[in-house]
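Heads up, structure19.txt below (compact mmCIF, C-alpha atoms):
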```txt
# COMPACT_ATOMS: atom_id res chain seq x y z
CA MET A 453 96.34 130.35 97.88
CA ALA A 454 95.34 128.28 100.92
CA THR A 455 93.48 129.71 103.92
CA GLU A 456 93.93 128.22 107.40
CA ILE A 457 90.97 127.56 109.70
CA LYS A 458 92.01 128.40 113.26
CA VAL A 459 90.38 128.31 116.69
CA PRO A 460 88.94 131.79 117.32
CA PRO A 461 89.39 133.74 120.60
CA LEU A 462 87.11 132.07 123.16
CA GLY A 463 86.86 134.69 125.88
CA GLU A 464 88.19 135.21 129.36
CA SER A 465 90.15 132.30 130.89
CA VAL A 466 89.32 129.82 128.09
CA THR A 467 92.46 128.57 126.36
CA GLU A 468 91.34 125.46 124.49
CA GLY A 469 88.39 123.34 123.42
CA THR A 470 87.39 120.11 121.67
CA VAL A 471 86.32 119.55 118.07
CA THR A 472 82.98 117.80 118.53
CA ARG A 473 81.78 117.75 114.93
CA TRP A 474 82.90 118.58 111.40
CA LEU A 475 79.98 119.61 109.19
CA LYS A 476 82.04 119.24 105.98
CA LYS A 477 84.45 116.60 104.70
CA VAL A 478 87.62 116.95 102.67
CA GLY A 479 86.78 117.84 99.07
CA ASP A 480 83.54 119.68 99.93
CA SER A 481 83.01 123.21 98.65
CA VAL A 482 82.57 125.82 101.37
CA LYS A 483 81.41 129.42 101.45
CA ILE A 484 82.71 132.23 103.63
CA ASP A 485 80.96 132.41 107.04
CA GLU A 486 79.39 128.97 106.52
CA THR A 487 79.58 126.93 109.74
CA LEU A 488 82.23 124.23 109.41
CA ILE A 489 82.84 122.97 112.95
CA GLU A 490 81.04 122.58 116.28
CA PHE A 491 83.68 123.38 118.91
CA GLU A 492 83.06 122.73 122.61
CA THR A 493 84.76 124.65 125.40
CA ASP A 494 84.34 124.15 129.12
CA LYS A 495 81.66 126.86 129.13
CA VAL A 496 79.87 126.96 125.78
CA THR A 497 79.67 125.30 122.37
CA VAL A 498 80.64 127.64 119.53
CA ASP A 499 80.29 127.37 115.76
CA VAL A 500 83.49 127.94 113.78
CA PRO A 501 82.72 129.55 110.41
CA SER A 502 84.64 129.28 107.16
CA PRO A 503 87.11 132.17 106.75
CA ALA A 504 86.98 132.01 102.94
CA ASN A 505 85.32 130.56 99.86
CA GLY A 506 86.90 127.47 98.40
CA VAL A 507 87.28 123.75 98.95
CA LEU A 508 88.07 122.03 102.26
CA SER A 509 91.41 120.47 101.42
CA GLU A 510 92.61 119.32 104.84
CA ILE A 511 91.20 118.48 108.28
CA SER A 512 94.06 119.02 110.72
CA ALA A 513 92.05 118.40 113.92
CA PRO A 514 89.64 115.45 113.63
CA GLU A 515 86.59 115.12 115.86
CA GLY A 516 87.54 114.58 119.50
CA THR A 517 90.80 116.53 119.22
CA ASN A 518 91.67 119.16 121.84
CA VAL A 519 92.97 122.37 120.23
CA GLY A 520 94.19 125.60 121.84
CA VAL A 521 93.14 129.12 120.89
CA GLY A 522 94.75 129.97 117.55
CA GLY A 523 95.43 126.31 116.81
CA LEU A 524 95.04 124.90 113.30
CA LEU A 525 91.77 123.10 112.55
CA GLY A 526 91.95 122.69 108.79
CA VAL A 527 92.81 124.26 105.44
CA ILE A 528 90.70 125.71 102.63
CA ALA A 529 92.11 125.68 99.13
CA GLU A 530 91.15 128.12 96.40
CA GLY A 531 88.22 127.09 94.26
CA ALA A 532 84.70 128.23 93.50
CA ALA A 533 82.32 127.27 96.29
CA GLY A 534 79.82 124.83 94.94
CA ALA A 535 81.38 124.86 91.44
CA LYS A 536 80.80 121.83 89.27
CA PRO A 537 83.59 120.26 87.21
CA ALA A 538 83.82 121.53 83.63
CA PRO A 539 82.38 119.16 81.02
CA ALA A 540 84.89 117.06 79.10
CA ALA A 541 85.90 118.24 75.62
CA ALA A 542 83.79 116.76 72.81
CA ALA A 543 85.36 113.67 71.25
CA PRO A 544 85.98 113.66 67.47
CA ALA A 545 83.24 112.18 65.28
CA ALA A 546 83.46 108.41 64.91
CA LYS A 547 82.03 105.85 62.52
CA VAL A 548 78.39 105.05 63.08
CA GLU A 549 78.04 101.69 64.70
CA ALA A 550 75.10 99.63 65.75
CA PRO A 551 73.86 100.76 69.15
CA LYS A 552 74.91 98.65 72.07
CA PRO A 553 72.61 97.73 74.95
CA ALA A 554 72.64 100.41 77.64
CA ALA A 555 74.57 99.47 80.74
CA ALA A 556 72.48 99.03 83.85
CA PRO A 557 72.70 102.08 86.13
CA ALA A 558 74.97 101.71 89.13
CA PRO A 559 73.00 101.16 92.33
CA VAL A 560 72.62 104.27 94.48
CA ALA A 561 73.98 103.87 97.98
CA ALA A 562 71.28 104.09 100.59
CA PRO A 563 71.65 106.89 103.15
CA ALA A 564 73.41 105.87 106.31
CA ALA A 565 71.28 104.91 109.31
CA ALA A 566 70.76 107.95 111.49
CA ASP A 567 72.89 108.13 114.66
CA LEU A 568 70.83 110.50 116.82
CA ASP A 569 73.06 110.26 119.88
CA ARG A 570 76.05 111.65 117.97
CA SER A 571 74.06 114.22 116.01
CA GLY A 572 74.23 117.92 116.81
CA PRO A 573 72.07 119.56 119.50
CA ALA A 574 69.91 121.42 116.98
CA ALA A 575 69.00 118.21 115.13
CA ARG A 576 68.28 116.31 118.36
CA LYS A 577 66.09 119.14 119.63
CA LEU A 578 64.00 119.19 116.44
CA VAL A 579 63.52 115.40 116.55
CA GLU A 580 62.42 115.50 120.18
CA GLU A 581 60.13 118.52 119.83
CA ASN A 582 58.36 117.08 116.78
CA LYS A 583 58.32 113.50 118.13
CA LEU A 584 59.93 112.13 114.98
CA ASP A 585 61.34 108.68 114.25
CA ALA A 586 65.02 109.46 113.77
CA ALA A 587 65.65 106.06 112.17
CA SER A 588 63.37 106.95 109.23
CA ILE A 589 65.16 110.23 108.39
CA PRO A 590 67.92 109.98 105.73
CA ALA A 591 71.14 111.19 107.37
CA THR A 592 73.63 113.13 105.29
CA GLY A 593 76.10 113.93 108.08
CA LYS A 594 79.32 112.08 108.74
CA ASP A 595 78.94 108.51 110.09
CA GLY A 596 75.16 108.63 109.88
CA ARG A 597 74.71 111.82 111.89
CA LEU A 598 71.58 113.86 111.30
CA THR A 599 71.96 117.49 110.36
CA LYS A 600 69.44 120.19 111.11
CA GLY A 601 68.68 120.35 107.39
CA ASP A 602 67.92 116.60 107.31
CA VAL A 603 65.31 116.98 110.07
CA LEU A 604 63.74 120.11 108.56
CA ALA A 605 63.42 118.34 105.20
CA ALA A 606 61.72 115.37 106.88
CA ILE A 607 59.28 117.69 108.65
CA GLU A 608 58.39 119.42 105.39
CA THR A 609 57.76 116.16 103.54
CA GLY A 610 56.11 114.40 106.47
CA SER A 611 58.38 111.40 105.92
CA ALA A 612 59.35 110.84 109.55
CA ALA A 613 56.29 109.75 111.48
CA ALA A 614 56.44 109.26 115.22
CA PRO A 615 57.93 105.87 116.11
CA ALA A 616 55.53 103.09 117.01
CA ALA A 617 55.21 102.11 120.63
CA ALA A 618 58.14 99.97 121.63
CA PRO A 619 57.42 96.34 122.55
CA ALA A 620 57.80 95.21 126.11
CA PRO A 621 61.51 94.96 126.98
CA ALA A 622 63.00 91.52 126.85
CA ALA A 623 64.69 90.02 129.86
CA PRO A 624 68.26 91.32 130.22
CA ARG A 625 70.91 89.20 128.58
CA ALA A 626 73.39 87.49 130.79
CA ASP A 627 76.26 89.27 129.02
CA HIS A 628 74.68 92.75 129.28
CA PRO A 629 77.28 95.14 130.78
CA ARG A 630 76.55 96.24 134.34
CA GLU A 631 78.46 99.49 133.88
CA GLN A 632 78.98 101.98 131.09
CA ARG A 633 81.99 104.29 130.95
CA VAL A 634 81.28 107.61 129.16
CA LYS A 635 83.79 110.43 128.75
CA MET A 636 82.65 113.65 130.41
CA THR A 637 81.98 116.66 128.22
CA ARG A 638 84.26 119.65 128.68
CA LEU A 639 81.38 121.51 130.33
CA ARG A 640 80.85 118.73 132.89
CA GLN A 641 84.61 118.55 133.55
CA ARG A 642 84.71 122.29 134.13
CA ILE A 643 81.71 122.16 136.48
CA ALA A 644 83.41 119.45 138.54
CA GLN A 645 86.68 121.40 138.63
CA ARG A 646 85.07 124.70 139.60
CA LEU A 647 82.90 123.17 142.32
CA LYS A 648 85.91 121.47 143.88
CA GLU A 649 87.96 124.67 143.65
CA ALA A 650 85.18 126.60 145.37
CA GLN A 651 84.98 123.99 148.12
CA ASN A 652 88.73 124.16 148.69
CA THR A 653 89.17 127.95 148.59
CA ALA A 654 86.02 129.47 150.12
CA ALA A 655 84.67 129.25 153.66
CA MET A 656 81.17 128.28 152.55
CA LEU A 657 78.14 128.34 154.79
CA THR A 658 74.40 128.32 154.04
CA THR A 659 71.56 129.97 155.92
CA PHE A 660 67.86 129.20 155.38
CA ASN A 661 64.51 130.89 155.70
CA GLU A 662 61.00 130.42 154.39
CA VAL A 663 58.71 132.78 152.50
CA ASP A 664 54.94 133.08 152.26
CA MET A 665 54.31 133.53 148.53
CA THR A 666 50.60 134.40 148.86
CA ALA A 667 51.01 138.08 147.90
CA ILE A 668 53.14 137.35 144.83
CA LEU A 669 50.73 134.66 143.64
CA ALA A 670 47.86 137.12 144.03
CA ILE A 671 49.70 139.77 141.97
CA ARG A 672 50.54 137.29 139.22
CA GLU A 673 46.96 136.06 139.09
CA ALA A 674 45.55 139.59 138.92
CA TYR A 675 47.95 140.98 136.31
CA LYS A 676 49.34 138.02 134.36
CA ASP A 677 47.09 138.47 131.31
CA GLY A 678 47.52 142.23 131.09
CA PHE A 679 51.26 141.96 131.70
CA GLU A 680 51.74 139.39 128.92
CA LYS A 681 49.53 141.35 126.51
CA LYS A 682 51.49 144.56 127.07
CA HIS A 683 55.03 143.20 127.28
CA GLY A 684 54.85 139.97 125.26
CA VAL A 685 56.29 137.88 128.08
CA LYS A 686 54.82 136.07 131.08
CA LEU A 687 55.17 137.50 134.58
CA GLY A 688 57.28 134.84 136.30
CA PHE A 689 58.78 134.46 139.74
CA MET A 690 62.37 135.20 138.80
CA SER A 691 61.81 138.93 138.29
CA PHE A 692 60.49 139.16 141.86
CA PHE A 693 63.50 137.23 143.18
CA VAL A 694 65.94 139.43 141.25
CA LYS A 695 64.31 142.64 142.49
CA ALA A 696 64.13 141.39 146.09
CA CYS A 697 67.78 140.31 146.10
CA ILE A 698 68.94 143.64 144.67
CA ALA A 699 67.02 145.54 147.35
CA ALA A 700 68.72 143.41 150.02
CA LEU A 701 72.16 143.73 148.37
CA LYS A 702 71.87 147.51 148.48
CA GLU A 703 71.19 147.35 152.22
CA LEU A 704 73.95 144.79 152.86
CA PRO A 705 76.72 145.52 150.32
CA ALA A 706 79.09 142.93 151.83
CA VAL A 707 76.91 140.20 150.30
CA ASN A 708 77.74 141.70 146.88
CA ALA A 709 81.49 141.78 147.62
CA GLU A 710 84.36 139.42 146.82
CA ILE A 711 87.92 138.78 147.99
CA SER A 712 90.89 139.65 145.76
CA GLY A 713 94.18 138.84 147.43
CA ASP A 714 94.17 140.69 150.75
CA GLU A 715 91.45 143.14 149.67
CA LEU A 716 87.65 143.18 149.69
CA ILE A 717 86.02 144.52 146.53
CA TYR A 718 82.62 146.12 147.17
CA LYS A 719 80.60 146.30 143.96
CA ASN A 720 78.15 149.12 143.43
CA TYR A 721 76.52 147.45 140.44
CA TYR A 722 74.23 144.44 140.27
CA ASP A 723 74.99 141.87 137.57
CA ILE A 724 72.78 138.98 138.60
CA GLY A 725 73.57 135.44 137.45
CA VAL A 726 70.51 133.26 136.83
CA ALA A 727 71.21 129.51 136.79
CA VAL A 728 69.75 127.68 133.78
CA GLY A 729 69.67 123.90 133.50
CA THR A 730 70.50 122.28 130.15
CA GLU A 731 70.95 118.70 129.00
CA ASN A 732 74.71 119.20 129.23
CA GLY A 733 74.81 120.80 132.68
CA LEU A 734 74.09 124.00 134.57
CA VAL A 735 75.12 127.34 133.10
CA VAL A 736 74.78 130.80 134.65
CA PRO A 737 74.18 133.66 132.19
CA VAL A 738 74.35 137.15 133.70
CA VAL A 739 71.64 139.83 133.66
CA ARG A 740 73.69 143.04 133.50
CA ASP A 741 72.73 146.11 135.56
CA ALA A 742 69.57 144.35 136.69
CA ASP A 743 68.82 147.16 139.15
CA LEU A 744 68.11 149.46 136.19
CA MET A 745 65.72 147.00 134.53
CA SER A 746 61.95 146.71 134.82
CA PHE A 747 60.13 143.47 135.66
CA SER A 748 59.35 142.92 131.97
CA ASP A 749 62.96 143.60 130.93
CA ILE A 750 64.22 141.02 133.43
CA GLU A 751 61.70 138.39 132.31
CA LYS A 752 62.57 138.97 128.62
CA GLN A 753 66.30 138.71 129.29
CA ILE A 754 65.97 135.52 131.34
CA GLY A 755 63.69 133.98 128.68
CA ALA A 756 66.18 134.82 125.93
CA TYR A 757 69.06 133.36 127.94
CA GLY A 758 67.08 130.17 128.57
CA LYS A 759 66.52 129.62 124.84
CA LYS A 760 70.14 130.35 123.98
CA ALA A 761 71.31 127.99 126.73
CA ARG A 762 69.16 125.12 125.42
CA ASP A 763 70.45 125.74 121.88
CA GLY A 764 74.07 125.98 123.04
CA LYS A 765 74.38 129.55 121.73
CA LEU A 766 75.41 131.47 124.87
CA SER A 767 78.53 133.57 124.37
CA MET A 768 81.46 133.80 126.77
CA ALA A 769 80.59 137.42 127.58
CA GLU A 770 77.09 136.35 128.68
CA LEU A 771 78.51 133.82 131.15
CA THR A 772 81.11 135.89 132.97
CA GLY A 773 81.26 138.68 135.52
CA GLY A 774 78.19 138.09 137.72
CA THR A 775 78.18 139.58 141.23
CA PHE A 776 75.38 137.46 142.74
CA THR A 777 73.67 134.27 141.55
CA ILE A 778 70.09 133.02 141.89
CA SER A 779 69.25 129.34 141.34
CA ASN A 780 65.81 127.73 141.64
CA GLY A 781 66.03 124.00 142.28
CA GLY A 782 62.31 123.89 143.03
CA VAL A 783 61.52 123.56 139.33
CA TYR A 784 62.99 120.04 139.54
CA GLY A 785 60.99 119.11 142.63
CA SER A 786 63.61 119.94 145.26
CA LEU A 787 62.38 120.20 148.86
CA MET A 788 64.78 121.24 151.61
CA SER A 789 62.92 119.97 154.67
CA THR A 790 59.51 119.66 156.33
CA PRO A 791 58.90 122.22 159.13
CA ILE A 792 57.05 121.48 162.36
CA LEU A 793 53.84 123.51 162.33
CA ASN A 794 52.10 124.67 165.50
CA LYS A 795 49.33 126.40 163.56
CA ILE A 796 47.89 124.62 160.58
CA GLU A 797 47.02 126.95 157.70
CA ILE A 798 47.50 126.07 154.05
CA ARG A 799 49.78 128.68 152.48
CA PRO A 800 51.95 128.64 149.33
CA MET A 801 55.27 128.43 151.15
CA MET A 802 58.76 128.12 149.69
CA TYR A 803 62.25 127.85 151.13
CA LEU A 804 65.14 130.24 150.58
CA ALA A 805 68.82 129.47 151.05
CA LEU A 806 71.83 131.79 150.87
CA SER A 807 75.25 130.19 150.45
CA TYR A 808 78.02 132.64 151.26
CA ASP A 809 81.75 132.96 151.85
CA HIS A 810 82.30 133.34 155.58
CA ARG A 811 85.59 135.12 154.89
CA VAL A 812 83.62 138.04 153.44
CA ILE A 813 80.48 138.26 155.56
CA ASP A 814 79.39 137.11 158.99
CA GLY A 815 76.34 135.14 159.99
CA ARG A 816 74.53 138.29 161.12
CA GLU A 817 74.77 139.85 157.67
CA ALA A 818 73.79 136.60 155.94
CA VAL A 819 70.71 136.10 158.08
CA THR A 820 69.72 139.77 157.78
CA PHE A 821 70.09 139.62 153.99
CA LEU A 822 67.80 136.60 153.72
CA VAL A 823 65.24 138.21 156.02
CA ARG A 824 65.24 141.31 153.78
CA VAL A 825 64.62 139.13 150.73
CA LYS A 826 61.85 137.33 152.59
CA ASP A 827 60.22 140.64 153.60
CA ALA A 828 60.36 141.97 150.05
CA LEU A 829 58.82 138.82 148.58
CA GLU A 830 56.05 138.69 151.17
CA ASP A 831 55.21 142.35 150.54
CA PRO A 832 55.93 142.70 146.79
CA GLN A 833 54.07 146.00 146.50
CA ARG A 834 57.20 147.57 148.00
CA LEU A 835 59.21 146.28 145.04
CA LEU A 836 56.70 147.59 142.55
CA LEU A 837 56.70 151.01 144.22
CA ASP A 838 60.51 151.03 144.71
CA MET A 839 60.17 151.50 148.47
```

Represent the structure contained in this file as structure tokens.
Amino acid sequence: MATEIKVPPLGESVTEGTVTRWLKKVGDSVKIDETLIEFETDKVTVDVPSPANGVLSEISAPEGTNVGVGGLLGVIAEGAAGAKPAPAAAAPAAKVEAPKPAAAPAPVAAPAAADLDRSGPAARKLVEENKLDAASIPATGKDGRLTKGDVLAAIETGSAAAPAAAPAPAAPRADHPREQRVKMTRLRQRIAQRLKEAQNTAAMLTTFNEVDMTAILAIREAYKDGFEKKHGVKLGFMSFFVKACIAALKELPAVNAEISGDELIYKNYYDIGVAVGTENGLVVPVVRDADLMSFSDIEKQIGAYGKKARDGKLSMAELTGGTFTISNGGVYGSLMSTPILNKIEIRPMMYLALSYDHRVIDGREAVTFLVRVKDALEDPQRLLLDM
């Protein structure tokens, strides 16, 4: 009896995705729950497991194919996973003849050259973190792609030393292409679509302010070691930002509201989206009921989301339903502007910006909200004491 491999439910508003990689080929034995396919949606990359034990008998959706939810990806035929063919029946006894020279063994095909660019994210991450020479690792994946197992095996045996320093680049060839056309990932396509939709449908404005971070830096310096020892996580800035924003949202609930048709929905809960940058684009996992969480709980949750985002393991539920989003472009060196100072004093200053939908709130509420966040960050003892 054959078992079909189908695209699983992908969460709210996601109807299709792209097969980015098959981890098995036709004829391979598979075990139930073993990952068979890397499947990319416009929000996350998901692993599609085998629904049964058996042998992969058909690949219905090759790599690069777009498939809708419930669509057919492949077929598994009955058969023992990993079973070896039964030995041939013994031939009847024959006359004894003089032995013939043994035939030379057939040459073993060398492993394919590793194609790191097309390998999976887990394999690429291991190569980069361990500074390995991908070209020296035997690749067992399709078309020379490295698997995570290939890289782990190379690390264990020490067979993939760091690549030697590259020679000075040669002068560009006259026929070297001046442009390169690369198909966007589904995530990048979705980001472009959503940003344009937001621009077309919302009345967006941004208001700015600046914050003196001296008090927060002093608290982190005084308590960072004790905090990490007790809670097992570093005391970062994001927990302060989350707490300050929630305090301001409670005072100005319109900033936590949204439009639905001809109605305004005021939300009395605080699910805070925290933007996380990955090699494939920006994603925004949501810290649920952040107002009920401690500083350490917030830092742990954000740290866990960051790791899952880098590994491509965020679920649809973790990316939907936020009421307010915090993004920190300063980690990439962003600087909004240079203020004119009439009193020179070196202080650890930073800039704040609130982008908002002018259909929902007015400038007065936006400015007041940002001032409340500024006040809370400049006097963080109030956050710690819940005042």

* Asked: Which of these, A:Leu475, A:Ala699, A:Ala644, A:Ile671, has the shortest distance to Glu515 (chain A) once you count all atoms listed in the file?
  ->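 Checking each candidate against Glu515 (chain A), we get A:Leu475 as the closest.
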
* Asked: CA of Arg672 (chain A) and CA of Asn708 (chain A) are how many Å apart?
  ->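 Atom-to-atom, CA of Arg672 (chain A) and CA of Asn708 (chain A) are spaced 28.6 Å apart.
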
* List as an NGL selection string: which residues have an atom within 6 Å of (67.7, 128.1, 138.9), counting all atoms listed in the file? -> :A and (727-728 or 779-781)

* Got a sec to check which residues sit within 12 Å of (72.9, 148.8, 156.8), counting all atoms listed in the file, and write them as a list in words? -> Ala699, Ala700, Leu701, Lys702, Glu703, Leu704, Pro705, Ala706, Val707, Arg816, Glu817, Thr820, Phe821 and Arg824 of chain A

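The spacing separating CA of Val823 (chain A) from CA of Phe692 (chain A) amounts to 15.0 Å.
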
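Atom pair CA of Val471 (chain A) / CA of Pro573 (chain A) has a distance of 14.3 Å (rounded to one decimal).
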
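Nearest to Arg811 (chain A) of all the residues A:Ala756, A:Met690, A:Val521, A:Ala709 is A:Ala709, based on all atoms listed in the file.
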
* Skipping near chain neighbours, those fewer than 4 positions away, what residues fall within 10 Å of Thr659 (chain A) using all atoms listed in the file, listed as a VMD selection string? -> chain A and resid 804 to 808 815 818 to 819 821 to 822

C-alpha atoms of the current selection, written as a PDB file, keeping the file's coordinate frame:
```pdb
ATOM      1  CA  LEU A 804      65.140 130.240 150.580  1.00  0.00           C
ATOM      2  CA  ALA A 805      68.820 129.470 151.050  1.00  0.00           C
ATOM      3  CA  LEU A 806      71.830 131.790 150.870  1.00  0.00           C
ATOM      4  CA  SER A 807      75.250 130.190 150.450  1.00  0.00           C
ATOM      5  CA  TYR A 808      78.020 132.640 151.260  1.00  0.00           C
ATOM      6  CA  GLY A 815      76.340 135.140 159.990  1.00  0.00           C
ATOM      7  CA  ALA A 818      73.790 136.600 155.940  1.00  0.00           C
ATOM      8  CA  VAL A 819      70.710 136.100 158.080  1.00  0.00           C
ATOM      9  CA  PHE A 821      70.090 139.620 153.990  1.00  0.00           C
ATOM     10  CA  LEU A 822      67.800 136.600 153.720  1.00  0.00           C
TER      11      LEU A 822
END
```

* Asked: Using all atoms listed in the file, which of the listed residues (A:Thr637, A:Leu835, A:Gln645, A:Ile717) sits closest to Glu731 (chain A)?
  ->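 Of all the options, A:Thr637 lies closest to Glu731 (chain A).
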
* Using only C-alpha atoms, pick whichever of A:Val466, A:Leu604, A:Ala504, A:Leu669 has the shortest atom-to-atom distance to Glu492 (chain A). =>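 Once distances to Glu492 (chain A) are computed over only C-alpha atoms, the minimum belongs to A:Val466.
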
* Which is closest to Val738 (chain A) among A:Gln641, A:Ser767, A:Thr772, A:Ser588, if we use only C-alpha atoms? -> A:Thr772

Writing N, CA and C atoms and nothing else, produce region 689-707 of chain A as a compact mmCIF listing (two decimals), in the first residue's frame.
```
# COMPACT_ATOMS: atom_id res chain seq x y z
N PHE A 689 19.20 45.14 26.38
CA PHE A 689 18.42 46.37 26.29
C PHE A 689 16.96 46.09 25.94
N MET A 690 16.71 44.99 25.22
CA MET A 690 15.36 44.78 24.70
C MET A 690 14.32 44.62 25.79
N SER A 691 14.69 44.03 26.93
CA SER A 691 13.70 43.89 28.00
C SER A 691 13.28 45.26 28.53
N PHE A 692 14.22 46.20 28.58
CA PHE A 692 13.88 47.57 29.01
C PHE A 692 12.94 48.22 27.99
N PHE A 693 13.24 48.04 26.69
CA PHE A 693 12.39 48.63 25.66
C PHE A 693 10.98 48.05 25.71
N VAL A 694 10.90 46.72 25.87
CA VAL A 694 9.59 46.08 25.93
C VAL A 694 8.78 46.61 27.11
N LYS A 695 9.40 46.66 28.29
CA LYS A 695 8.71 47.14 29.48
C LYS A 695 8.29 48.60 29.35
N ALA A 696 9.18 49.43 28.78
CA ALA A 696 8.86 50.85 28.62
C ALA A 696 7.71 51.05 27.65
N CYS A 697 7.71 50.30 26.55
CA CYS A 697 6.64 50.43 25.56
C CYS A 697 5.31 49.98 26.13
N ILE A 698 5.31 48.89 26.91
CA ILE A 698 4.06 48.42 27.50
C ILE A 698 3.49 49.45 28.46
N ALA A 699 4.37 50.07 29.27
CA ALA A 699 3.89 51.10 30.19
C ALA A 699 3.24 52.25 29.43
N ALA A 700 3.84 52.64 28.29
CA ALA A 700 3.28 53.72 27.48
C ALA A 700 2.00 53.28 26.77
N LEU A 701 1.95 52.03 26.32
CA LEU A 701 0.74 51.52 25.65
C LEU A 701 -0.45 51.50 26.61
N LYS A 702 -0.21 51.19 27.87
CA LYS A 702 -1.29 51.19 28.84
C LYS A 702 -1.85 52.60 29.07
N GLU A 703 -0.98 53.59 28.98
CA GLU A 703 -1.43 54.97 29.15
C GLU A 703 -2.11 55.49 27.89
N LEU A 704 -1.65 55.03 26.73
CA LEU A 704 -2.20 55.50 25.45
C LEU A 704 -2.67 54.29 24.64
N PRO A 705 -3.83 53.73 24.96
CA PRO A 705 -4.28 52.48 24.34
C PRO A 705 -4.52 52.58 22.84
N ALA A 706 -4.69 53.79 22.30
CA ALA A 706 -4.91 53.92 20.86
C ALA A 706 -3.69 53.45 20.07
N VAL A 707 -2.50 53.56 20.67
CA VAL A 707 -1.28 53.11 19.98
C VAL A 707 -1.27 51.59 19.85
```
